[in-house]
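Colleague: Data: coords_1.cif, mmCIF, C-alpha atoms.
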data_my_file
loop_
_atom_site.label_atom_id
_atom_site.label_comp_id
_atom_site.auth_asym_id
_atom_site.auth_seq_id
_atom_site.Cartn_x
_atom_site.Cartn_y
_atom_site.Cartn_z
CA MET A 1 -44.39 53.90 41.04
CA PRO A 2 -42.18 54.46 44.11
CA ILE A 3 -41.62 51.48 46.37
CA ARG A 4 -40.64 51.53 50.00
CA VAL A 5 -39.98 49.34 52.99
CA ILE A 6 -43.24 49.09 54.93
CA GLY A 7 -42.18 47.78 58.34
CA GLY A 8 -39.29 46.94 60.61
CA THR A 9 -35.87 48.53 61.03
CA ALA A 10 -35.77 50.07 57.54
CA LYS A 11 -39.41 51.24 57.57
CA GLY A 12 -40.10 54.17 55.27
CA ARG A 13 -36.92 53.85 53.18
CA ARG A 14 -37.58 54.38 49.48
CA LEU A 15 -36.10 51.75 47.22
CA LYS A 16 -34.69 52.19 43.74
CA LEU A 17 -36.43 50.62 40.77
CA VAL A 18 -34.69 48.48 38.19
CA PRO A 19 -34.19 50.61 35.06
CA GLY A 20 -36.40 49.58 32.12
CA ASP A 21 -39.55 47.48 32.22
CA THR A 22 -38.22 43.98 32.88
CA THR A 23 -39.40 43.88 36.51
CA ARG A 24 -42.76 44.42 38.18
CA PRO A 25 -42.39 45.51 41.80
CA VAL A 26 -44.98 44.16 44.20
CA MET A 27 -47.59 46.74 45.27
CA ASP A 28 -47.23 48.05 48.82
CA ARG A 29 -50.64 46.76 49.89
CA VAL A 30 -49.83 43.24 48.65
CA LYS A 31 -46.45 43.31 50.37
CA GLU A 32 -48.04 44.55 53.59
CA ALA A 33 -50.70 41.81 53.44
CA LEU A 34 -48.05 39.15 52.80
CA PHE A 35 -45.95 40.17 55.79
CA ASN A 36 -49.01 40.42 58.02
CA ILE A 37 -49.77 36.80 57.07
CA LEU A 38 -46.19 35.67 57.74
CA GLY A 39 -46.16 37.60 61.02
CA THR A 40 -43.73 36.65 63.76
CA GLY A 41 -42.70 33.45 61.97
CA LEU A 42 -40.31 35.62 60.01
CA ARG A 43 -38.11 36.41 63.03
CA ASP A 44 -34.71 34.73 62.66
CA ALA A 45 -35.90 32.96 59.49
CA SER A 46 -33.99 32.38 56.25
CA PHE A 47 -35.59 33.85 53.12
CA LEU A 48 -34.99 33.02 49.44
CA ASP A 49 -36.16 35.70 47.00
CA LEU A 50 -36.25 34.14 43.51
CA PHE A 51 -36.62 36.48 40.51
CA ALA A 52 -35.76 39.19 43.07
CA GLY A 53 -35.98 42.25 40.77
CA THR A 54 -35.59 45.27 43.09
CA GLY A 55 -35.14 42.98 46.10
CA SER A 56 -38.03 44.69 47.89
CA VAL A 57 -39.61 41.47 49.23
CA GLY A 58 -36.39 40.01 50.62
CA ILE A 59 -35.44 43.43 52.00
CA GLU A 60 -38.83 43.65 53.72
CA ALA A 61 -38.17 40.22 55.26
CA LEU A 62 -34.77 41.37 56.55
CA SER A 63 -36.23 44.63 57.86
CA ARG A 64 -38.82 42.63 59.80
CA GLY A 65 -36.29 40.37 61.48
CA ALA A 66 -35.32 37.58 59.08
CA ALA A 67 -31.82 36.35 59.92
CA SER A 68 -30.73 36.11 56.28
CA ALA A 69 -31.92 36.51 52.72
CA LEU A 70 -30.60 35.20 49.44
CA PHE A 71 -31.54 37.24 46.37
CA ILE A 72 -31.51 35.48 42.99
CA ASP A 73 -31.86 37.25 39.66
CA SER A 74 -30.26 36.77 36.24
CA ASP A 75 -30.56 40.42 35.13
CA ARG A 76 -27.42 42.54 35.59
CA MET A 77 -29.40 45.74 36.25
CA ALA A 78 -31.58 43.97 38.84
CA ILE A 79 -28.47 42.73 40.65
CA ARG A 80 -27.05 46.25 40.76
CA THR A 81 -30.40 47.62 42.02
CA ILE A 82 -30.59 44.97 44.78
CA HIS A 83 -27.08 45.89 45.97
CA GLU A 84 -28.01 49.60 45.95
CA ASN A 85 -31.26 48.93 47.88
CA LEU A 86 -29.45 46.80 50.46
CA ALA A 87 -26.96 49.64 50.97
CA LEU A 88 -29.80 52.20 51.28
CA THR A 89 -31.50 50.12 53.96
CA GLY A 90 -28.36 49.09 55.84
CA LEU A 91 -29.28 45.40 55.52
CA ALA A 92 -26.45 44.16 53.28
CA ASP A 93 -24.70 42.35 56.14
CA ARG A 94 -27.46 39.71 56.30
CA ALA A 95 -27.90 39.38 52.53
CA THR A 96 -26.33 37.38 49.73
CA VAL A 97 -26.97 38.35 46.10
CA LEU A 98 -26.36 35.91 43.24
CA ARG A 99 -26.61 36.60 39.53
CA ILE A 100 -27.90 33.29 38.25
CA SER A 101 -31.04 31.92 36.65
CA ALA A 102 -33.56 30.89 39.30
CA PHE A 103 -33.88 27.56 37.49
CA ASP A 104 -30.12 26.94 37.51
CA TYR A 105 -30.06 27.77 41.20
CA LEU A 106 -32.94 25.38 41.99
CA ARG A 107 -31.23 22.58 40.04
CA ARG A 108 -28.23 22.79 42.38
CA ARG A 109 -27.94 19.99 44.87
CA GLN A 110 -26.80 21.78 47.96
CA PRO A 111 -27.56 21.59 51.66
CA ARG A 112 -28.78 25.15 52.22
CA ALA A 113 -32.47 25.16 53.09
CA PHE A 114 -34.79 28.13 53.63
CA ASP A 115 -37.77 28.83 55.85
CA TYR A 116 -39.44 30.91 53.13
CA VAL A 117 -39.10 30.82 49.34
CA TYR A 118 -40.73 33.66 47.38
CA ILE A 119 -41.42 33.06 43.68
CA ALA A 120 -42.46 36.15 41.69
CA PRO A 121 -41.26 35.78 38.09
CA PRO A 122 -42.19 37.79 35.00
CA GLN A 123 -45.87 37.24 34.28
CA TYR A 124 -47.68 35.14 31.69
CA LYS A 125 -44.78 32.79 30.87
CA THR A 126 -45.56 29.93 33.33
CA LEU A 127 -42.15 30.55 34.90
CA TRP A 128 -43.79 30.33 38.33
CA LYS A 129 -44.97 26.79 37.53
CA ASP A 130 -41.55 25.72 36.28
CA ALA A 131 -39.91 27.09 39.43
CA LEU A 132 -42.51 25.47 41.71
CA LEU A 133 -42.10 22.09 39.98
CA LEU A 134 -38.30 22.32 40.33
CA LEU A 135 -38.67 23.16 44.01
CA ASP A 136 -41.03 20.21 44.39
CA GLU A 137 -38.38 17.94 42.81
CA GLN A 138 -35.63 19.44 44.99
CA PRO A 139 -37.36 19.94 48.35
CA HIS A 140 -34.00 20.15 50.15
CA HIS A 141 -34.09 23.88 49.34
CA LEU A 142 -36.91 24.18 51.90
CA ASN A 143 -36.78 23.47 55.64
CA PRO A 144 -39.28 20.83 56.88
CA ASP A 145 -41.71 23.52 58.11
CA GLY A 146 -40.88 25.83 55.21
CA VAL A 147 -43.33 27.87 53.18
CA VAL A 148 -43.32 28.71 49.47
CA ILE A 149 -45.16 31.83 48.33
CA VAL A 150 -46.00 32.22 44.64
CA GLN A 151 -47.01 35.70 43.42
CA ILE A 152 -48.86 35.64 40.10
CA ASP A 153 -51.69 37.27 38.21
CA PRO A 154 -54.87 35.29 39.10
CA SER A 155 -55.38 34.48 35.40
CA GLU A 156 -52.14 32.45 35.48
CA GLN A 157 -53.31 30.09 38.22
CA GLN A 158 -53.70 26.48 37.17
CA PRO A 159 -53.57 23.09 38.90
CA VAL A 160 -50.09 21.72 39.56
CA ALA A 161 -49.33 18.08 40.41
CA LEU A 162 -46.88 18.15 43.32
CA ASN A 163 -45.30 15.48 45.52
CA SER A 164 -43.30 17.35 48.15
CA LEU A 165 -45.36 20.54 48.35
CA GLN A 166 -49.02 21.14 49.05
CA ALA A 167 -51.11 24.30 48.61
CA TYR A 168 -52.72 25.45 51.84
CA ASP A 169 -53.89 29.02 51.29
CA GLU A 170 -54.34 31.70 48.65
CA ARG A 171 -55.16 35.39 48.85
CA ARG A 172 -56.20 37.68 46.03
CA TYR A 173 -55.49 41.41 45.95
CA GLY A 174 -56.86 42.86 42.71
CA LYS A 175 -54.64 41.53 39.92
CA THR A 176 -52.24 39.81 42.32
CA LEU A 177 -52.60 36.35 43.78
CA LEU A 178 -50.46 35.10 46.68
CA TRP A 179 -50.51 31.30 46.72
CA PHE A 180 -49.02 29.50 49.73
CA PHE A 181 -47.49 26.02 49.75
CA GLU A 182 -45.94 23.97 52.53
CA ARG A 183 -43.48 21.10 52.44
CA ILE A 184 -45.03 17.72 53.22
CA ASP A 185 -43.76 14.21 53.71
CA PRO A 186 -44.67 12.46 50.42
CA GLY A 187 -45.97 9.53 52.49
CA ASP A 188 -48.54 11.87 54.07
CA ALA A 189 -49.94 13.02 50.72
CA ALA A 190 -51.81 9.76 50.15
CA GLY A 191 -53.61 9.89 53.50
#
Translate this structure into structure tokens?
Modeller:
Amino acid sequence: MPIRVIGGTAKGRRLKLVPGDTTRPVMDRVKEALFNILGTGLRDASFLDLFAGTGSVGIEALSRGAASALFIDSDRMAIRTIHENLALTGLADRATVLRISAFDYLRRRQPRAFDYVYIAPPQYKTLWKDALLLLDEQPHHLNPDGVVIVQIDPSEQQPVALNSLQAYDERRYGKTLLWFFERIDPGDAAG
């Protein structure tokens, strides 16, 4: 299945796929819906693409005006593909690519915070939940008005007890669910 950049400065550019079957690129219609939802809030934003795979979501964010994107993946072939796709789109100057486990990255205590965090791990392993719980424990990865987007198969959805994050929207597109969370002040959660 070919993937491409849908909008912005790199619109129409075809992206390379990660060799093998370890990644599942997001469908164009889901990606288009996501970025329509995010809209102009993306301009000059910082974007964290966890489990980045081909990098297509972070690249779409950069193409549509995000100031920076950090791509995280532990797979060597995915990292190479992300670098190739950034070169193809001319967006490498605003991107950082790290080969590290998403969980190891989220356990880091560091000051860098993002406006958007995208979580789209391999399916059916509850990795999304583990990543979301880690992000909830380490909310400094997210700016105060930041948004977390979880992309999962709808059958994977289950309640999650959170303190720093709160679900505020979800959208289903066939076998893909986009679930949106925002950072909250834990004191506000009780009210």
Colleague: Of the residues A:Ile152, A:Ala78, A:Ala61, A:Ala131, which is the one nearest to Arg172 (chain A), using only C-alpha atoms?
Modeller: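 Smallest separation from Arg172 (chain A) among the options: A:Ile152.
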Colleague: For region 107-120 of chain A, work out the shell of residues within 8 Å, counting only C-alpha atoms and skipping chain neighbours fewer than 3 positions away, then give it as a VMD selection string.
Modeller: chain A and resid 45 to 52 103 to 104 128 131 to 132 134 138 140 to 143 145 to 152
Colleague: Hey, could you make a per-residue contact list for region 5-32 of chain A against region 87-100 of chain A with 8 Å as the cut-off, showing the nearest pair of atoms and its distance in Å to one decimal, counting all atoms listed in the file, sorted by chain and number, as CSV?
Modeller:
residue,atom,partner,partner_atom,distance
A:Ala10,CA,A:Thr89,CA,5.6
A:Arg13,CA,A:Thr89,CA,6.6
A:Leu15,CA,A:Leu88,CA,7.5
Colleague: Quick one: everything within 9 Å of region 156-162 of chain A, counting only C-alpha atoms, minus sequence neighbours fewer than 4 positions away in the same chain. Send it as a list in words.
Modeller: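 The neighbour list is Gln123, Tyr124, Lys125, Thr126, Lys129, Leu132, Leu133, Asp136, Glu137, Ile152, Gln166 and Leu177 of chain A.
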Colleague: Given the file above and the PyMOL selection byres ((chain A and resi 165) around 7), which residues are selected, and can you give them as a VMD selection string?
Modeller: chain A and resid 136 162 to 164 166 to 167 181 to 184
Colleague: Could you write region 70-93 of chain A as a tab-separated table (two decimals), in the coordinates of the input, with N, CA and C atoms rebuilt where they are missing?
Modeller:
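Printed below is result-v5.tsv as written:
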chain	number	residue	atom	x	y	z
A	70	LEU	N	-31.35	35.43	50.67
A	70	LEU	CA	-30.60	35.20	49.44
A	70	LEU	C	-31.45	35.73	48.29
A	71	PHE	N	-30.86	36.62	47.50
A	71	PHE	CA	-31.54	37.24	46.37
A	71	PHE	C	-31.00	36.63	45.09
A	72	ILE	N	-31.89	36.12	44.25
A	72	ILE	CA	-31.51	35.48	42.99
A	72	ILE	C	-32.15	36.25	41.84
A	73	ASP	N	-31.34	36.66	40.89
A	73	ASP	CA	-31.86	37.25	39.66
A	73	ASP	C	-30.80	37.07	38.58
A	74	SER	N	-31.22	36.95	37.33
A	74	SER	CA	-30.26	36.77	36.24
A	74	SER	C	-29.96	38.09	35.52
A	75	ASP	N	-30.72	39.14	35.82
A	75	ASP	CA	-30.56	40.42	35.13
A	75	ASP	C	-29.49	41.28	35.82
A	76	ARG	N	-28.53	41.73	35.05
A	76	ARG	CA	-27.42	42.54	35.59
A	76	ARG	C	-27.92	43.81	36.27
A	77	MET	N	-28.90	44.49	35.66
A	77	MET	CA	-29.40	45.74	36.25
A	77	MET	C	-30.18	45.45	37.55
A	78	ALA	N	-30.88	44.34	37.61
A	78	ALA	CA	-31.58	43.97	38.84
A	78	ALA	C	-30.58	43.71	39.96
A	79	ILE	N	-29.50	43.02	39.64
A	79	ILE	CA	-28.47	42.73	40.65
A	79	ILE	C	-27.88	44.02	41.19
A	80	ARG	N	-27.59	44.96	40.31
A	80	ARG	CA	-27.05	46.25	40.76
A	80	ARG	C	-28.07	46.98	41.65
A	81	THR	N	-29.34	46.95	41.24
A	81	THR	CA	-30.40	47.62	42.02
A	81	THR	C	-30.55	46.98	43.40
A	82	ILE	N	-30.49	45.66	43.48
A	82	ILE	CA	-30.59	44.97	44.78
A	82	ILE	C	-29.45	45.41	45.69
A	83	HIS	N	-28.23	45.44	45.16
A	83	HIS	CA	-27.08	45.89	45.97
A	83	HIS	C	-27.28	47.33	46.46
A	84	GLU	N	-27.77	48.21	45.57
A	84	GLU	CA	-28.01	49.60	45.95
A	84	GLU	C	-29.09	49.69	47.04
A	85	ASN	N	-30.16	48.90	46.90
A	85	ASN	CA	-31.26	48.93	47.88
A	85	ASN	C	-30.82	48.35	49.22
A	86	LEU	N	-29.98	47.34	49.20
A	86	LEU	CA	-29.45	46.80	50.46
A	86	LEU	C	-28.57	47.84	51.16
A	87	ALA	N	-27.79	48.58	50.38
A	87	ALA	CA	-26.96	49.64	50.97
A	87	ALA	C	-27.84	50.76	51.54
A	88	LEU	N	-28.89	51.15	50.81
A	88	LEU	CA	-29.80	52.20	51.28
A	88	LEU	C	-30.48	51.84	52.60
A	89	THR	N	-30.76	50.56	52.77
A	89	THR	CA	-31.50	50.12	53.96
A	89	THR	C	-30.59	49.66	55.09
A	90	GLY	N	-29.29	49.54	54.82
A	90	GLY	CA	-28.36	49.09	55.84
A	90	GLY	C	-28.50	47.61	56.18
A	91	LEU	N	-29.01	46.81	55.25
A	91	LEU	CA	-29.28	45.40	55.52
A	91	LEU	C	-28.35	44.45	54.77
A	92	ALA	N	-27.33	44.99	54.12
A	92	ALA	CA	-26.45	44.16	53.28
A	92	ALA	C	-25.70	43.09	54.07
A	93	ASP	N	-25.49	43.31	55.36
A	93	ASP	CA	-24.70	42.35	56.14
A	93	ASP	C	-25.40	41.01	56.35
